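Peer 1: Provided herewith: structure11.txt, compact mmCIF, C-alpha atoms and all ligand atoms.
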```
# COMPACT_ATOMS: atom_id res chain seq x y z
CA LEU A 1 0.00 0.00 0.00
CA THR A 2 1.23 3.50 -0.76
CA ASP A 3 0.20 6.78 0.88
CA THR A 4 -0.93 4.79 3.87
CA LEU A 5 -0.02 5.15 7.53
CA VAL A 6 -0.34 2.12 9.77
CA ILE A 7 -0.21 2.73 13.51
CA ASP A 8 0.29 -0.52 15.37
CA ILE A 9 -1.31 -0.26 18.81
CA THR A 10 -0.92 -3.91 19.71
CA HIS A 11 1.35 -3.09 22.65
CA ILE A 12 -1.25 -0.87 24.37
CA ASP A 13 -2.82 -3.75 26.27
CA TYR A 14 -3.20 -2.77 29.93
CA VAL A 15 -6.35 -3.72 31.84
CA LYS A 16 -7.22 -1.72 34.97
CA VAL A 17 -10.40 -2.78 36.74
CA SER A 18 -11.91 -0.05 38.97
CA ALA A 19 -12.03 -0.54 42.73
CA ASP A 20 -15.81 -1.07 42.64
CA LYS A 21 -15.37 -3.50 39.69
CA LYS A 22 -18.04 -1.69 37.68
CA THR A 23 -15.71 -0.53 34.91
CA ALA A 24 -12.29 -1.27 33.46
CA ALA A 25 -9.92 1.05 31.59
CA VAL A 26 -8.42 -1.03 28.81
CA GLY A 27 -5.59 -0.33 26.37
CA ALA A 28 -7.18 -0.22 22.93
CA GLY A 29 -4.75 -2.69 21.35
CA ILE A 30 -5.95 -5.60 23.44
CA ARG A 31 -7.37 -8.80 21.98
CA PHE A 32 -10.16 -10.82 23.58
CA GLY A 33 -8.05 -13.71 24.90
CA PRO A 34 -5.77 -11.41 26.90
CA LEU A 35 -8.75 -9.23 27.93
CA TYR A 36 -10.72 -12.18 29.31
CA THR A 37 -7.61 -13.53 31.01
CA ALA A 38 -6.95 -10.23 32.81
CA LEU A 39 -10.61 -9.64 33.74
CA GLY A 40 -11.01 -13.22 34.94
CA LYS A 41 -8.43 -12.56 37.64
CA GLU A 42 -10.84 -9.93 39.05
CA ASN A 43 -13.93 -12.15 38.59
CA VAL A 44 -15.46 -9.83 36.03
CA THR A 45 -15.88 -10.07 32.29
CA TRP A 46 -17.21 -8.27 29.23
CA THR A 47 -19.58 -8.72 26.29
CA GLY A 48 -16.96 -9.51 23.64
CA GLY A 49 -16.83 -12.18 20.94
CA ILE A 50 -15.74 -15.77 21.35
CA CYS A 51 -12.54 -15.78 19.30
CA PRO A 52 -9.54 -14.82 21.46
CA THR A 53 -7.49 -13.29 18.64
CA VAL A 54 -10.01 -10.59 17.68
CA GLY A 55 -9.01 -7.05 18.62
CA LEU A 56 -11.30 -5.03 20.88
CA SER A 57 -11.07 -1.82 18.86
CA GLY A 58 -11.97 -3.18 15.43
CA PHE A 59 -14.77 -5.17 17.06
CA LEU A 60 -16.24 -2.02 18.63
CA SER A 61 -15.84 0.01 15.48
CA ALA A 62 -18.18 -2.47 13.76
CA GLY A 63 -20.77 -2.79 16.57
CA GLY A 64 -19.54 -5.97 18.17
CA PHE A 65 -21.90 -8.95 18.19
CA ASN A 66 -21.54 -11.42 21.01
CA MET A 67 -23.26 -14.40 22.63
CA GLN A 68 -25.03 -12.33 25.29
CA MET A 69 -26.22 -9.57 22.99
CA ARG A 70 -29.92 -10.38 22.71
CA LEU A 71 -30.12 -9.54 26.42
CA LEU A 72 -27.13 -7.30 27.25
CA GLY A 73 -26.65 -5.54 23.91
CA LEU A 74 -23.80 -5.20 21.46
CA GLY A 75 -20.23 -4.49 22.47
CA VAL A 76 -20.83 -0.79 21.79
CA ASP A 77 -23.65 -0.74 24.35
CA ASN A 78 -21.20 -1.80 27.02
CA VAL A 79 -18.72 1.06 26.69
CA VAL A 80 -18.61 3.99 29.12
CA SER A 81 -16.03 6.24 27.45
CA ALA A 82 -12.93 6.31 25.27
CA LYS A 83 -9.69 8.26 24.90
CA VAL A 84 -9.22 9.21 21.27
CA VAL A 85 -6.25 10.79 19.49
CA LYS A 86 -7.74 13.11 16.90
CA VAL A 87 -6.21 14.10 13.57
CA ASP A 88 -4.78 17.28 15.15
CA GLY A 89 -2.78 15.08 17.54
CA LYS A 90 -4.81 16.05 20.59
CA THR A 91 -6.12 13.34 22.89
CA VAL A 92 -9.71 13.84 24.04
CA THR A 93 -12.15 11.92 26.17
CA ALA A 94 -15.34 10.85 24.43
CA SER A 95 -18.35 9.89 26.53
CA SER A 96 -22.06 10.67 26.76
CA THR A 97 -21.17 14.01 28.43
CA GLU A 98 -17.88 14.96 26.70
CA ASN A 99 -17.46 15.03 22.92
CA SER A 100 -20.65 13.01 22.74
CA ASP A 101 -20.83 13.16 18.93
CA LEU A 102 -17.40 11.51 18.70
CA PHE A 103 -18.47 8.95 21.31
CA TRP A 104 -21.53 8.13 19.21
CA ALA A 105 -19.48 7.83 16.01
CA ILE A 106 -16.73 5.54 17.27
CA ARG A 107 -19.27 3.00 18.51
CA GLY A 108 -20.14 1.30 15.25
CA GLY A 109 -19.23 3.97 12.72
CA GLY A 110 -16.36 2.03 11.14
CA GLY A 111 -12.70 1.50 12.02
CA GLY A 112 -10.04 4.16 11.55
CA SER A 113 -12.53 6.86 10.58
CA TYR A 114 -12.74 9.33 13.45
CA GLY A 115 -9.42 9.11 15.28
CA VAL A 116 -7.23 6.54 16.96
CA VAL A 117 -8.80 5.13 20.09
CA VAL A 118 -6.06 4.48 22.65
CA GLU A 119 -8.19 3.49 25.63
CA TRP A 120 -11.71 2.17 26.18
CA THR A 121 -13.52 2.22 29.49
CA LEU A 122 -15.77 -0.81 29.48
CA LYS A 123 -18.81 -1.62 31.58
CA MET A 124 -18.02 -4.75 33.57
CA HIS A 125 -20.25 -7.78 34.06
CA THR A 126 -20.29 -10.95 36.10
CA PHE A 127 -22.07 -13.50 33.96
CA PRO A 128 -24.17 -16.08 35.81
CA ARG A 129 -23.64 -19.77 35.16
CA SER A 130 -25.32 -20.60 31.90
CA ALA A 131 -26.79 -23.46 29.92
CA MET A 132 -25.31 -24.28 26.52
CA VAL A 133 -26.42 -26.33 23.55
CA LEU A 134 -24.74 -27.76 20.46
CA ILE A 135 -26.82 -29.73 17.94
CA GLN A 136 -25.01 -31.42 15.05
CA TRP A 137 -26.27 -33.06 11.88
CA SER A 138 -23.78 -34.92 9.69
CA ASP A 139 -26.33 -35.21 6.87
CA ARG A 140 -25.97 -32.47 4.23
CA ALA A 141 -29.52 -33.12 3.00
CA VAL A 142 -31.06 -31.53 6.14
CA ARG A 143 -29.19 -28.22 5.86
CA TYR A 144 -32.12 -26.29 4.39
CA ASP A 145 -34.64 -27.64 6.92
CA VAL A 146 -32.35 -26.90 9.87
CA ALA A 147 -31.44 -23.39 8.70
CA ASN A 148 -35.05 -22.59 7.86
CA ARG A 149 -36.30 -23.76 11.27
CA PHE A 150 -33.50 -21.81 12.94
CA PHE A 151 -34.59 -18.63 11.14
CA GLN A 152 -38.18 -19.14 12.31
CA TRP A 153 -37.25 -19.94 15.87
CA ALA A 154 -33.96 -18.58 17.25
CA PRO A 155 -34.41 -14.80 16.79
CA ARG A 156 -37.86 -15.01 18.42
CA GLU A 157 -36.70 -16.95 21.48
CA ASP A 158 -36.25 -15.57 25.00
CA PRO A 159 -33.59 -12.78 24.84
CA ALA A 160 -31.46 -14.77 27.29
CA PHE A 161 -30.78 -17.12 24.37
CA THR A 162 -28.28 -16.05 21.70
CA SER A 163 -27.42 -18.61 19.04
CA GLN A 164 -26.06 -19.32 15.58
CA VAL A 165 -26.42 -21.89 12.84
CA ASN A 166 -23.26 -22.97 10.99
CA VAL A 167 -23.87 -24.31 7.50
CA PHE A 168 -21.03 -26.24 5.86
CA LYS A 169 -20.88 -28.17 2.57
CA ASP A 170 -21.30 -31.50 4.31
CA ARG A 171 -23.03 -30.76 7.65
CA VAL A 172 -24.88 -28.26 9.76
CA GLU A 173 -24.89 -27.34 13.45
CA VAL A 174 -26.65 -25.02 15.90
CA LEU A 175 -24.81 -23.51 18.87
CA GLY A 176 -26.49 -21.51 21.63
CA TRP A 177 -25.74 -19.77 24.95
CA CYS A 178 -28.67 -19.42 27.36
CA TYR A 179 -27.55 -16.71 29.78
CA GLY A 180 -28.26 -17.69 33.40
CA CYS A 181 -30.57 -20.55 32.34
CA SER A 182 -31.14 -23.88 34.02
CA GLN A 183 -30.86 -27.16 32.15
CA GLU A 184 -34.66 -27.55 32.27
CA LYS A 185 -35.28 -24.11 30.79
CA LEU A 186 -32.92 -24.62 27.87
CA LYS A 187 -34.13 -28.18 27.25
CA ALA A 188 -37.74 -26.98 27.08
CA MET A 189 -36.72 -24.30 24.55
CA VAL A 190 -34.82 -26.75 22.37
CA ASP A 191 -37.57 -29.39 22.57
CA ALA A 192 -40.11 -26.80 21.42
CA SER A 193 -37.89 -25.54 18.58
CA GLY A 194 -38.82 -28.30 16.15
CA LEU A 195 -35.13 -28.80 15.34
CA LEU A 196 -34.84 -32.19 16.96
CA SER A 197 -37.43 -33.77 14.68
CA ILE A 198 -35.28 -32.98 11.62
CA GLY A 199 -33.05 -35.90 10.57
CA THR A 200 -30.90 -37.57 13.23
CA PRO A 201 -29.23 -34.86 15.29
CA LYS A 202 -26.61 -35.36 17.98
CA THR A 203 -27.36 -33.03 20.88
CA PHE A 204 -25.03 -31.77 23.61
CA LEU A 205 -26.95 -29.80 26.23
CA SER A 206 -25.35 -28.90 29.52
CA ALA A 207 -25.89 -26.39 32.32
CA GLY A 208 -23.83 -24.78 35.09
CA CYS A 209 -21.13 -23.55 32.70
CA ASN A 210 -18.92 -20.83 34.10
CA THR A 211 -17.98 -18.05 31.67
CA ASN A 212 -14.72 -19.56 30.37
CA ASN A 213 -16.45 -22.91 29.95
CA ALA A 214 -19.30 -21.29 28.01
CA ARG A 215 -16.81 -19.54 25.72
CA MET A 216 -15.12 -22.88 24.98
CA PHE A 217 -18.39 -24.79 24.52
CA GLY A 218 -18.71 -26.20 21.00
CA TYR A 219 -15.07 -25.46 20.24
CA ILE A 220 -12.93 -27.14 22.90
CA LEU A 221 -15.50 -28.67 25.28
CA ASN A 222 -19.02 -29.94 24.59
CA GLU A 223 -20.20 -29.97 28.19
CA CYS A 224 -20.13 -27.94 31.38
CA VAL A 225 -17.35 -29.33 33.54
CA PRO A 226 -16.13 -28.53 37.07
CA ASP A 227 -14.38 -25.18 37.47
CA GLU A 228 -11.02 -26.79 38.22
CA VAL A 229 -11.14 -28.62 34.88
CA VAL A 230 -12.07 -25.40 33.07
CA ALA A 231 -9.12 -23.70 34.74
CA GLN A 232 -6.79 -26.28 33.19
CA TYR A 233 -8.10 -25.64 29.67
CA ALA A 234 -8.59 -21.87 29.85
CA PRO A 235 -4.97 -20.66 29.47
CA PHE A 236 -4.58 -22.72 26.29
CA ALA A 237 -7.66 -21.01 24.88
CA PHE A 238 -7.20 -17.42 26.05
CA ASN A 239 -3.70 -16.69 27.41
CA HIS A 240 -2.31 -15.36 24.12
CA ILE A 241 0.51 -12.92 23.78
CA GLN A 242 -0.61 -9.84 21.87
CA GLN A 243 0.99 -11.06 18.62
CA ALA A 244 -1.38 -13.99 18.53
CA PHE A 245 -0.62 -15.38 15.06
CA THR A 246 2.02 -17.48 13.36
CA LYS A 247 4.59 -15.72 11.21
CA LEU A 248 3.62 -15.07 7.62
CA ASP A 249 6.28 -16.27 5.19
CA GLY A 250 8.45 -13.48 3.86
CA TYR A 251 7.20 -10.82 6.24
CA PRO A 252 8.76 -9.59 9.47
CA GLN A 253 7.04 -10.55 12.68
CA PHE A 254 6.75 -7.83 15.30
CA THR A 255 8.06 -9.32 18.48
CA TYR A 256 7.71 -6.64 21.13
CA ASN A 257 5.40 -7.29 24.03
CA GLU A 258 5.45 -11.02 24.27
CA TYR A 259 4.12 -10.94 27.82
CA PRO A 260 0.75 -12.62 28.38
CA GLN A 261 -1.72 -11.31 30.95
CA ALA A 262 -1.14 -14.45 33.05
CA PRO A 263 2.62 -15.11 32.81
CA GLU A 264 2.37 -17.77 35.50
CA GLN A 265 0.08 -19.92 33.33
CA PRO A 266 0.67 -21.86 30.09
CA LEU A 267 0.55 -19.87 26.87
CA ALA A 268 -2.09 -20.26 24.20
CA GLN A 269 -0.50 -21.34 20.93
CA PRO A 270 -0.55 -18.81 18.06
CA TRP A 271 -3.35 -19.15 15.54
CA ASP A 272 -2.32 -20.13 12.02
CA ARG A 273 -2.64 -17.32 9.55
CA PHE A 274 -4.74 -17.89 6.47
CA TYR A 275 -6.16 -15.76 3.67
CA ARG A 276 -9.55 -15.26 5.24
CA LEU A 277 -12.29 -13.89 3.03
CA SER A 278 -15.46 -12.93 4.79
CA LYS A 279 -18.61 -10.98 4.07
CA SER A 280 -21.65 -10.25 6.18
CA PHE A 281 -25.27 -9.46 5.37
CA PHE A 282 -28.19 -8.57 7.60
CA VAL A 283 -31.58 -10.11 6.99
CA GLN A 284 -33.93 -7.27 7.83
CA LYS A 285 -37.08 -7.75 9.86
CA SER A 286 -39.01 -6.04 7.08
CA LYS A 287 -37.52 -8.31 4.36
CA PRO A 288 -37.66 -11.86 5.70
CA MET A 289 -35.72 -14.74 4.26
CA THR A 290 -37.69 -16.77 1.73
CA GLU A 291 -37.44 -20.43 0.83
CA PRO A 292 -36.02 -19.85 -2.70
CA THR A 293 -33.36 -17.47 -1.35
CA LEU A 294 -32.25 -19.82 1.41
CA ARG A 295 -32.15 -22.77 -0.98
CA ASP A 296 -30.17 -20.67 -3.48
CA ILE A 297 -27.59 -19.70 -0.82
CA ILE A 298 -27.02 -23.31 0.20
CA ALA A 299 -26.66 -24.27 -3.48
CA ARG A 300 -24.08 -21.50 -3.85
CA ILE A 301 -22.10 -22.87 -0.91
CA ASP A 302 -22.06 -26.22 -2.71
CA THR A 303 -20.45 -24.70 -5.81
CA MET A 304 -17.29 -23.85 -3.86
CA ASP A 305 -14.38 -26.30 -3.86
CA ASP A 306 -13.42 -28.19 -0.70
CA ALA A 307 -10.11 -26.29 -0.39
CA SER A 308 -12.09 -23.12 0.31
CA GLN A 309 -13.49 -24.67 3.51
CA VAL A 310 -16.49 -22.44 2.92
CA TRP A 311 -19.10 -22.09 5.62
CA GLY A 312 -21.98 -19.82 6.56
CA GLU A 313 -22.16 -18.64 10.18
CA TRP A 314 -25.59 -17.12 10.73
CA HIS A 315 -26.46 -15.44 14.01
CA ALA A 316 -29.89 -14.79 15.48
CA TRP A 317 -30.32 -11.08 16.25
CA ASN A 318 -33.62 -9.36 17.08
CA ILE A 319 -31.89 -7.66 20.00
CA SER A 320 -34.13 -6.49 22.84
CA ALA A 321 -31.54 -4.28 24.59
CA LYS A 322 -31.75 -0.59 23.71
CA GLY A 323 -28.73 1.53 22.82
CA ASP A 324 -27.66 4.92 21.48
CA ALA A 325 -24.54 4.07 19.47
CA SER A 326 -23.99 4.82 15.79
CA PHE A 327 -24.20 1.15 14.81
CA ALA A 328 -26.93 1.30 12.20
CA TRP A 329 -28.60 -2.10 12.25
CA ARG A 330 -29.92 -2.54 15.77
CA GLU A 331 -33.62 -2.08 15.01
CA GLU A 332 -33.78 -3.86 11.69
CA ALA A 333 -31.41 -6.81 12.07
CA TYR A 334 -33.21 -10.13 12.35
CA VAL A 335 -30.35 -12.47 11.37
CA HIS A 336 -26.71 -11.71 10.61
CA MET A 337 -25.31 -13.91 7.85
CA GLU A 338 -21.56 -14.22 7.59
CA PHE A 339 -19.85 -16.25 4.84
CA ILE A 340 -16.27 -17.33 5.41
CA VAL A 341 -13.72 -18.80 3.03
CA HIS A 342 -10.08 -19.83 3.35
CA GLY A 343 -8.65 -17.90 0.41
CA SER A 344 -5.87 -19.04 -1.88
CA ALA A 345 -2.38 -17.78 -2.72
CA ASP A 346 -3.15 -18.86 -6.30
CA GLU A 347 -4.50 -15.76 -8.02
CA THR A 348 -6.83 -17.65 -10.35
CA VAL A 349 -8.42 -19.53 -7.48
CA GLN A 350 -8.61 -16.40 -5.36
CA LYS A 351 -10.35 -14.56 -8.21
CA LYS A 352 -12.89 -17.37 -8.41
CA TYR A 353 -13.62 -16.94 -4.70
CA ILE A 354 -13.95 -13.18 -4.99
CA ASP A 355 -16.35 -13.63 -7.91
CA TRP A 356 -18.35 -16.03 -5.76
CA TYR A 357 -18.79 -13.29 -3.14
CA ALA A 358 -19.88 -10.86 -5.86
CA GLY A 359 -22.54 -13.35 -6.97
CA LEU A 360 -23.68 -13.78 -3.39
CA GLU A 361 -23.98 -10.04 -2.98
CA ASN A 362 -26.02 -9.71 -6.19
CA ALA A 363 -28.39 -12.39 -4.99
CA LEU A 364 -28.67 -11.55 -1.30
CA ARG A 365 -28.74 -7.77 -1.19
CA PRO A 366 -31.97 -7.38 -3.19
CA ALA A 367 -33.53 -10.36 -1.41
CA VAL A 368 -32.95 -9.57 2.25
CA GLY A 369 -31.40 -6.14 2.52
C1 LIG B 1 -11.83 -15.34 13.92
C2 LIG B 1 -12.73 -14.13 13.93
C3 LIG B 1 -13.83 -14.10 14.80
C4 LIG B 1 -14.67 -12.98 14.83
N1 LIG B 1 -15.73 -12.96 15.71
C5 LIG B 1 -16.49 -11.84 15.80
C6 LIG B 1 -17.56 -11.75 16.74
O1 LIG B 1 -17.86 -12.69 17.48
N2 LIG B 1 -18.27 -10.59 16.80
C7 LIG B 1 -17.98 -9.53 15.98
O2 LIG B 1 -18.66 -8.51 16.07
N3 LIG B 1 -17.00 -9.60 15.07
C8 LIG B 1 -16.25 -10.73 14.97
N4 LIG B 1 -15.24 -10.79 14.06
C9 LIG B 1 -15.01 -9.62 13.20
C10 LIG B 1 -14.09 -8.65 13.93
O3 LIG B 1 -14.84 -7.87 14.85
C11 LIG B 1 -13.43 -7.72 12.90
O4 LIG B 1 -12.56 -8.50 12.09
C12 LIG B 1 -12.69 -6.58 13.54
O5 LIG B 1 -12.33 -5.68 12.54
C13 LIG B 1 -11.47 -7.05 14.31
O6 LIG B 1 -10.81 -5.95 14.87
P1 LIG B 1 -9.22 -5.86 14.95
O7 LIG B 1 -8.92 -4.66 15.81
O8 LIG B 1 -8.69 -7.19 15.36
O9 LIG B 1 -8.86 -5.68 13.43
P2 LIG B 1 -8.04 -4.57 12.63
O10 LIG B 1 -7.95 -5.10 11.24
O11 LIG B 1 -6.78 -4.22 13.35
O12 LIG B 1 -8.99 -3.30 12.66
C14 LIG B 1 -10.18 -3.26 11.97
C15 LIG B 1 -10.48 -1.82 11.60
O13 LIG B 1 -10.60 -1.00 12.77
C16 LIG B 1 -9.62 0.03 12.77
N5 LIG B 1 -9.07 0.15 14.11
C17 LIG B 1 -8.47 -0.83 14.83
N6 LIG B 1 -8.09 -0.36 16.01
C18 LIG B 1 -8.46 0.95 16.05
C19 LIG B 1 -8.33 1.97 17.03
N7 LIG B 1 -7.74 1.76 18.20
N8 LIG B 1 -8.80 3.21 16.74
C20 LIG B 1 -9.41 3.44 15.54
N9 LIG B 1 -9.57 2.51 14.59
C21 LIG B 1 -9.10 1.27 14.85
C22 LIG B 1 -8.56 -0.40 11.75
O14 LIG B 1 -7.93 0.71 11.16
C23 LIG B 1 -9.39 -1.19 10.75
O15 LIG B 1 -10.02 -0.30 9.83
C24 LIG B 1 -14.40 -11.89 13.99
C25 LIG B 1 -13.29 -11.92 13.11
C26 LIG B 1 -12.46 -13.03 13.10
C27 LIG B 1 -11.27 -13.03 12.18
```
Translate the structure described by the file into structure tokens.
Peer 2:
Amino acid sequence: LTDTLVIDITHIDYVKVSADKKTAAVGAGIRFGPLYTALGKENVTWTGGICPTVGLSGFLSAGGFNMQMRLLGLGVDNVVSAKVVKVDGKTVTASSTENSDLFWAIRGGGGGSYGVVVEWTLKMHTFPRSAMVLIQWSDRAVRYDVANRFFQWAPREDPAFTSQVNVFKDRVEVLGWCYGCSQEKLKAMVDASGLLSIGTPKTFLSAGCNTNNARMFGYILNECVPDEVVAQYAPFAFNHIQQAFTKLDGYPQFTYNEYPQAPEQPLAQPWDRFYRLSKSFFVQKSKPMTEPTLRDIIARIDTMDDASQVWGEWHAWNISAKGDASFAWREEAYVHMEFIVHGSADETVQKKYIDWYAGLENALRPAVG
């Protein structure tokens, strides 16, 4: 890139929880794994995403969906203030009472647009023990029925329940977090969903998950286990150094700040880099998904080659929590549909993938918004 300035803020990663534990001042370069590790030491946490390598600031600049959001709101709804370096080099505080227009804009108005955020003050939470569910179908033939039922059901469920359906070429699965729910409550919801009468699903439903356990559910663990067992797994999932990725061939790797938030615990291994291509769409409440559109999308997924590892990750929205941030989709978003591909270093193949996204856009935008 030419005429471009990159400011790497990865090393600004402090986490200072207030004495009353209601807020935390956080260096804006932090990623979720280190953030959760530091907050966990104070028995508090925050409404961030599941993946430990995602940066807090980019997440907030795009709204920030999370697995508690149908009840507690987006990431941007759980921010108290920010310190922002403006284009004139001055650092200002942005909050609901100071520079409130800037505060509004940086919460969902797009990354890198309004200044460089160097610190966020976040509203802290202590999540109750929760019930979790993972339902898996290994039969590709049921993908439409499962996704269609999910669309009818999940966004209309109790706001304590936030969930997603993952649609692959060869299988489909539903994953959900029921905030503060008992096993009985979640089981009743799932039994009434109609999902279990489709094909031959394998269901993992478990309650009493502490927060780290819930964040690992469906990825590392498929059940709620005793806290001491969770504590053994957690560092491997979340205790990343700030440079949380493997080295990319031919490029220098920045190596400053290799200190994790919990130096006394094992380190999480770096995530492999890959050419990730990803695009998101919102299904609007006023433009519901139709059967032909959903069938067409699944057929499009099937046209991709196996090397792409294509999958659709579709999240139930219909968020009940109110908010005043600039993020534009709160009222209208019914389902968020993300499509993810492992891109290719081969230019011809990569072009094919990019064209696939263009086709998806042409089909989906007029259909759902
Ligand atoms: C594996 C994975 C999982 C994900 N899961 C979720 C999820 O659960 N929920 C969700 O909402 N999103 C999720 N995302 C999307 C994620 O929120 C975005 O990719 C986001 O941009 C990541 O932010 P970053 O700071 O890591 O990225 P960057 O690429 O560093 O930043 C993204 C943009 O924000 C700008 N920016 C970054 N820091 C600042 C700052 N301090 N001040 C001003 N501008 C800044 C950058 O200039 C850039 O334009 C996921 C992405 C991945 C790869």
Peer 1: What does the list of residues within 8 Å of ligand LIG 1 (chain B) look like if you count all atoms listed in the file, written as a PyMOL selection string?
Peer 2: chain A and resi 6+9+28-29+31+48-67+75+84+106+110-119+276
Peer 1: Using all atoms listed in the file for the distances, tell me which of A:Leu175, A:Ala244, A:Leu360, A:Met132 is nearest to Trp314 (chain A).
Peer 2: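 Residue with the minimum atom-to-atom distance to Trp314 (chain A): A:Leu175.
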Peer 1: If we draw a sphere of 7 Å around (-27.2, -23.1, 2.8), which residues have at least one atom in it when counting only C-alpha atoms? Please report them as a PyMOL selection string.
Peer 2: chain A and resi 143-144+167+294-295+297-299+301
Peer 1: Find the residues near Gln253 (chain A): any atom within 9 Å, counting all atoms listed in the file, skip ones fewer than 6 places away on the same chain, and give them as a PyMOL selection string.
Peer 2: chain A and resi 243+246-247
Peer 1: Rank A:Ser206, A:Thr91, A:Thr37, A:Asn148 by their smallest atom-to-atom distance to Leu267 (chain A), using all atoms listed in the file, and report the top residue only.
Peer 2: A:Thr37
Peer 1: I want to know what sits within 9 Å of Tyr275 (chain A), based on all atoms listed in the file, with residues of the same chain fewer than 3 positions away left out; could you give that as a PyMOL selection string?
Peer 2: chain A and resi 341-345
Peer 1: One decimal, Å: what's the distance from CA of Pro260 (chain A) over to CA of Pro34 (chain A), could you say?
Peer 2: 6.8 Å
Peer 1: Determine the nearest neighbour of Ile7 (chain A) from the options A:Arg107, A:Ala24, A:Val85, A:Ala262, counting only C-alpha atoms.
Peer 2: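 Result for the nearest residue to Ile7 (chain A): A:Val85.
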Peer 1: Fewer than 6 positions away in the same chain doesn't count, so skip those; otherwise give me all residues within 10 Å of Gly199 (chain A), counting all atoms listed in the file, as a PyMOL selection string.
Peer 2: chain A and resi 137-139+141-143+145-146
Peer 1: List as number ranges by chain the protein and nucleic acid residues near region 218-220 of chain A, meaning an atom at most 10 Å away when only C-alpha atoms are counted, but skip any in the same chain fewer than 4 places from it.
Peer 2: A: 50, 132-135, 173-176, 204, 213-214, 233-234, 237
Peer 1: Go ahead and save the picked residues with C-alpha atoms, as a CSV table (one decimal), in the frame of the given file.
Peer 2:
```
chain,number,residue,atom,x,y,z
A,50,ILE,CA,-15.7,-15.8,21.4
A,132,MET,CA,-25.3,-24.3,26.5
A,133,VAL,CA,-26.4,-26.3,23.6
A,134,LEU,CA,-24.7,-27.8,20.5
A,135,ILE,CA,-26.8,-29.7,17.9
A,173,GLU,CA,-24.9,-27.3,13.4
A,174,VAL,CA,-26.6,-25.0,15.9
A,175,LEU,CA,-24.8,-23.5,18.9
A,176,GLY,CA,-26.5,-21.5,21.6
A,204,PHE,CA,-25.0,-31.8,23.6
A,213,ASN,CA,-16.4,-22.9,30.0
A,214,ALA,CA,-19.3,-21.3,28.0
A,233,TYR,CA,-8.1,-25.6,29.7
A,234,ALA,CA,-8.6,-21.9,29.8
A,237,ALA,CA,-7.7,-21.0,24.9
```
Peer 1: Kindly give the distance, in Å, that separates CA of Ser130 (chain A) and CA of Thr211 (chain A), rounded to a single decimal.
Peer 2: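 Between these atoms lies a distance of 7.8 Å.
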Peer 1: Provide the CA of Leu39 (chain A) to CA of Leu72 (chain A) distance in Å, to one decimal place.
Peer 2: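 CA of Leu72 (chain A) lies at a distance of 17.9 Å from CA of Leu39 (chain A).
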Peer 1: Between A:Lys287, A:Asp191, A:Ile30, A:Gln136, which residue has the minimum interatomic distance to Thr203 (chain A), considering all atoms listed in the file?
Peer 2: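 Nearest candidate to Thr203 (chain A) out of A:Lys287, A:Asp191, A:Ile30, A:Gln136: A:Gln136.
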